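> My structure is stored as run-v3.cif, with mmCIF, C-alpha atoms.
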data_structure
loop_
_atom_site.group_PDB
_atom_site.id
_atom_site.type_symbol
_atom_site.label_atom_id
_atom_site.label_comp_id
_atom_site.auth_asym_id
_atom_site.auth_seq_id
_atom_site.Cartn_x
_atom_site.Cartn_y
_atom_site.Cartn_z
ATOM 1 C CA ARG A 25 118.908 147.334 197.172
ATOM 2 C CA THR A 26 121.194 144.409 197.869
ATOM 3 C CA SER A 27 123.608 143.457 195.103
ATOM 4 C CA VAL A 28 123.301 139.961 193.681
ATOM 5 C CA ALA A 29 126.862 139.148 194.751
ATOM 6 C CA ALA A 30 125.975 139.874 198.389
ATOM 7 C CA LEU A 31 123.110 137.378 198.397
ATOM 8 C CA PRO A 32 123.634 133.812 199.647
ATOM 9 C CA ALA A 33 124.326 131.311 196.869
ATOM 10 C CA THR A 34 120.863 129.778 197.235
ATOM 11 C CA CYS A 35 119.254 133.122 196.433
ATOM 12 C CA ARG A 36 121.382 133.584 193.319
ATOM 13 C CA GLY A 37 119.936 130.456 191.765
ATOM 14 C CA ARG A 38 122.903 128.218 192.536
ATOM 15 C CA ARG A 39 122.447 124.916 194.249
ATOM 16 C CA GLN A 40 123.835 124.411 197.687
ATOM 17 C CA ASN A 41 126.510 121.780 198.019
ATOM 18 C CA ARG A 42 124.333 119.068 199.509
ATOM 19 C CA LYS A 43 125.267 115.453 199.786
ATOM 20 C CA ARG A 44 122.680 113.135 198.349
ATOM 21 C CA THR A 45 122.679 109.461 198.991
ATOM 22 C CA ARG A 46 123.310 107.560 195.795
ATOM 23 C CA HIS A 47 122.081 104.013 195.613
ATOM 24 C CA CYS A 48 123.445 103.186 192.160
ATOM 25 C CA PRO A 49 127.082 102.510 193.209
ATOM 26 C CA LEU A 50 125.870 100.148 195.913
ATOM 27 C CA LEU A 51 123.688 98.263 193.429
ATOM 28 C CA VAL A 52 126.517 98.020 190.897
ATOM 29 C CA ALA A 53 128.881 96.774 193.611
ATOM 30 C CA THR A 54 126.302 94.154 194.580
ATOM 31 C CA HIS A 55 126.042 92.998 190.954
ATOM 32 C CA LEU A 56 129.823 92.842 190.633
ATOM 33 C CA ASN A 57 130.010 90.748 193.799
ATOM 34 C CA GLN A 58 127.436 88.375 192.302
ATOM 35 C CA LEU A 59 129.554 88.113 189.146
ATOM 36 C CA ASP A 60 132.641 87.170 191.208
ATOM 37 C CA ASP A 61 131.082 83.766 191.823
ATOM 38 C CA LEU A 62 130.407 83.112 188.113
ATOM 39 C CA ASP A 63 132.536 82.100 185.179
ATOM 40 C CA PRO A 64 133.318 85.495 183.559
ATOM 41 C CA ARG A 65 133.156 83.857 180.111
ATOM 42 C CA ARG A 66 129.371 83.571 180.617
ATOM 43 C CA VAL A 67 128.929 87.324 181.153
ATOM 44 C CA VAL A 68 128.497 90.136 178.638
ATOM 45 C CA SER A 69 128.726 93.832 179.520
ATOM 46 C CA VAL A 70 126.152 96.134 177.906
ATOM 47 C CA ARG A 71 126.210 99.946 177.750
ATOM 48 C CA ARG A 72 124.249 102.909 176.396
ATOM 49 C CA LEU A 73 120.956 101.470 177.644
ATOM 50 C CA ALA A 74 119.185 104.658 178.726
ATOM 51 C CA ARG A 75 117.259 104.999 175.461
ATOM 52 C CA LEU A 76 115.680 101.603 176.068
ATOM 53 C CA GLY A 77 113.814 103.197 178.955
ATOM 54 C CA PHE A 78 112.455 101.430 181.990
ATOM 55 C CA ASP A 79 111.653 98.310 179.928
ATOM 56 C CA ALA A 80 115.380 97.710 179.318
ATOM 57 C CA GLU A 81 115.492 94.486 181.325
ATOM 58 C CA SER A 82 112.777 92.722 179.329
ATOM 59 C CA LEU A 83 114.004 94.134 175.992
ATOM 60 C CA LEU A 84 117.555 92.976 176.660
ATOM 61 C CA LYS A 85 116.432 89.527 177.765
ATOM 62 C CA LYS A 86 114.350 89.117 174.616
ATOM 63 C CA HIS A 87 117.226 90.278 172.383
ATOM 64 C CA PHE A 88 119.921 88.124 173.989
ATOM 65 C CA GLN A 89 117.726 84.983 174.214
ATOM 66 C CA ALA A 90 118.462 84.625 170.487
ATOM 67 C CA PHE A 91 122.047 83.675 171.423
ATOM 68 C CA GLY A 92 121.206 81.241 174.227
ATOM 69 C CA THR A 93 119.578 80.949 177.634
ATOM 70 C CA VAL A 94 119.820 84.170 179.649
ATOM 71 C CA GLU A 95 120.007 83.450 183.377
ATOM 72 C CA GLN A 96 120.081 87.053 184.588
ATOM 73 C CA VAL A 97 119.935 90.630 183.389
ATOM 74 C CA LEU A 98 121.674 92.861 185.944
ATOM 75 C CA LEU A 99 121.183 96.595 185.404
ATOM 76 C CA SER A 100 122.635 99.603 187.147
ATOM 77 C CA GLY A 101 120.046 101.358 189.272
ATOM 78 C CA SER A 102 117.760 103.919 187.738
ATOM 79 C CA LYS A 103 119.110 107.388 188.298
ATOM 80 C CA GLU A 104 117.034 109.927 190.117
ATOM 81 C CA LYS A 105 117.570 113.529 189.086
ATOM 82 C CA HIS A 106 116.324 116.047 191.590
ATOM 83 C CA VAL A 107 114.415 118.968 190.149
ATOM 84 C CA ASP A 108 114.274 122.512 191.499
ATOM 85 C CA PRO A 109 111.950 122.547 194.552
ATOM 86 C CA ASN A 110 110.292 125.706 193.180
ATOM 87 C CA SER A 111 108.932 123.698 190.243
ATOM 88 C CA GLY A 112 106.837 121.391 192.373
ATOM 89 C CA GLY A 113 109.618 119.475 194.090
ATOM 90 C CA GLN A 114 109.216 116.339 192.005
ATOM 91 C CA SER A 115 112.214 114.292 191.029
ATOM 92 C CA ARG A 116 112.731 112.789 187.621
ATOM 93 C CA MET A 117 113.786 109.178 187.139
ATOM 94 C CA ARG A 118 116.230 108.139 184.453
ATOM 95 C CA PRO A 119 116.609 104.569 183.212
ATOM 96 C CA SER A 120 119.721 102.466 183.688
ATOM 97 C CA GLY A 121 122.755 103.211 181.555
ATOM 98 C CA PHE A 122 124.650 99.927 181.704
ATOM 99 C CA GLY A 123 124.408 96.370 182.897
ATOM 100 C CA PHE A 124 125.429 92.755 182.552
ATOM 101 C CA ILE A 125 123.863 89.792 180.774
ATOM 102 C CA VAL A 126 124.561 86.389 182.368
ATOM 103 C CA PHE A 127 124.192 83.403 180.047
ATOM 104 C CA SER A 128 123.896 79.783 181.124
ATOM 105 C CA GLU A 129 126.805 78.828 178.815
ATOM 106 C CA SER A 130 129.972 80.620 177.737
ATOM 107 C CA SER A 131 129.336 79.698 174.094
ATOM 108 C CA SER A 132 126.175 81.837 174.180
ATOM 109 C CA ALA A 133 128.148 84.834 175.463
ATOM 110 C CA ASP A 134 130.753 84.248 172.730
ATOM 111 C CA LEU A 135 128.018 84.217 170.106
ATOM 112 C CA ALA A 136 126.446 87.426 171.480
ATOM 113 C CA VAL A 137 129.791 89.263 171.422
ATOM 114 C CA SER A 138 130.623 87.961 167.935
ATOM 115 C CA TYR A 139 127.385 89.516 166.668
ATOM 116 C CA GLY A 140 129.061 92.933 167.047
ATOM 117 C CA GLU A 141 130.155 95.588 169.517
ATOM 118 C CA VAL A 142 127.160 97.699 168.505
ATOM 119 C CA GLN A 143 123.804 95.960 168.365
ATOM 120 C CA THR A 144 120.302 97.276 167.816
ATOM 121 C CA VAL A 145 117.722 96.532 170.482
ATOM 122 C CA SER A 146 114.231 97.909 169.951
ATOM 123 C CA GLY A 147 115.583 100.502 167.511
ATOM 124 C CA CYS A 148 118.373 101.681 169.871
ATOM 125 C CA HIS A 149 122.087 101.077 169.424
ATOM 126 C CA ILE A 150 123.758 99.569 172.495
ATOM 127 C CA GLY A 151 127.370 98.642 173.219
ATOM 128 C CA VAL A 152 128.114 94.954 173.775
ATOM 129 C CA HIS A 153 131.461 93.801 175.174
ATOM 130 C CA ARG A 154 132.956 90.777 176.813
ATOM 131 C CA PHE A 155 132.957 91.115 180.592
ATOM 132 C CA ARG A 156 136.445 91.456 182.026
ATOM 133 C CA THR A 157 137.337 90.820 185.621
ATOM 134 C CA ARG A 158 139.243 93.362 187.679
ATOM 135 C CA GLU A 159 142.289 91.071 187.574
ATOM 136 C CA GLU A 160 142.201 90.943 183.758
ATOM 137 C CA MET A 161 142.006 94.739 183.528
ATOM 138 C CA GLU A 162 144.828 95.285 186.009
ATOM 139 C CA ALA A 163 147.019 92.746 184.196
ATOM 140 C CA SER A 164 146.572 94.680 180.938
ATOM 141 C CA GLY A 165 147.344 98.002 182.639
ATOM 142 C CA GLU A 166 143.809 99.380 182.447
ATOM 143 C CA LYS A 167 141.963 101.024 185.265
ATOM 144 C CA PRO A 168 138.582 99.379 185.993
ATOM 145 C CA ASP A 169 136.840 102.764 185.581
ATOM 146 C CA ASP A 170 138.219 103.225 182.041
ATOM 147 C CA VAL A 171 136.853 100.003 180.565
ATOM 148 C CA ASN A 172 134.502 100.316 177.591
ATOM 149 C CA ALA A 173 134.372 104.083 177.937
#
What would you get if you wrote out this structure as structure tokens?

Amino acid sequence: RTSVAALPATCRGRRQNRKRTRHCPLLVATHLNQLDDLDPRRVVSVRRLARLGFDAESLLKKHFQAFGTVEQVLLSGSKEKHVDPNSGGQSRMRPSGFGFIVFSESSSADLAVSYGEVQTVSGCHIGVHRFRTREEMEASGEKPDDVNA
């Protein structure tokens, strides 16, 4: 008999270190580039969206329309979680976790943020924050990755 320690890692039930292409960072970068051309006072950052499911875009638009005209709802890409190939090889999709709401007017974004940092959308609590540009974060000493954590 061969000892478990002598077996290759894949035989011991551990995953191989494989690189998977991730599309989410590219999509987020694309959204951030789109936001560069807009007045940041018209944009609201939203987080903890996964519980809204794959209908998050329409649910968010409906919720935020109460504050003013929503021009765009930009969501991070759905995450794909790969499942063990021995269980049928199917992958599981996960809904977006964060995004941005673009209003037609800055006063609408102000109103949305003033409604509270935690808001309830379709029975789920989400985080709502004013969008801050990279320059604003760097000026305050924050790292862009640490914002609204």
> Identify which of the residues A:Leu135, A:Leu98, A:Ala163, A:Ile150 lies closest to Asn57 of chain A, counting all atoms listed in the file when measuring atom-to-atom distances.
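When distances to Asn57 of chain A are compared using all atoms listed in the file, the smallest one comes from A:Leu98.
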> Can you translate the PyMOL selection byres ((chain A and resi 75) around 12) into the concrete residues it hits in this file, as a list of chain:residue names?
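Evaluating the PyMOL selection byres ((chain A and resi 75) around 12) on these coordinates yields A:Arg71, A:Arg72, A:Leu73, A:Ala74, A:Leu76, A:Gly77, A:Phe78, A:Asp79, A:Ala80, A:Leu83, A:Arg118, A:Pro119, A:Ser120, A:Gly121, A:Phe122, A:Thr144, A:Val145, A:Ser146, A:Gly147, A:Cys148, A:His149, A:Ile150.
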> Nearest residue to Glu141 of chain A out of A:Ser69, A:Thr157, A:Gln96, A:Ser128, using all atoms listed in the file?
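Going through A:Ser69, A:Thr157, A:Gln96, A:Ser128 one by one, the smallest distance to Glu141 of chain A is for A:Ser69.
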> Identify the residues within 12 Å of coordinate (127.1, 81.5, 181.8) (same frame as the file), considering all atoms listed in the file, and give the answer as an NGL selection string.
:A and (59 or 61-68 or 91-97 or 124-134 or 136 or 155)
> Quick one: pull the distance between atom CA of Val70 of chain A and atom CA of Gly151 of chain A, Å, one decimal.
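Here the two named atoms are 5.5 Å from each other.
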> Of the candidates A:Leu84, A:Ala90, A:Gly101, A:Asp60, which shows the shortest atom-to-atom distance to Arg156 of chain A, using only C-alpha atoms?
A:Asp60
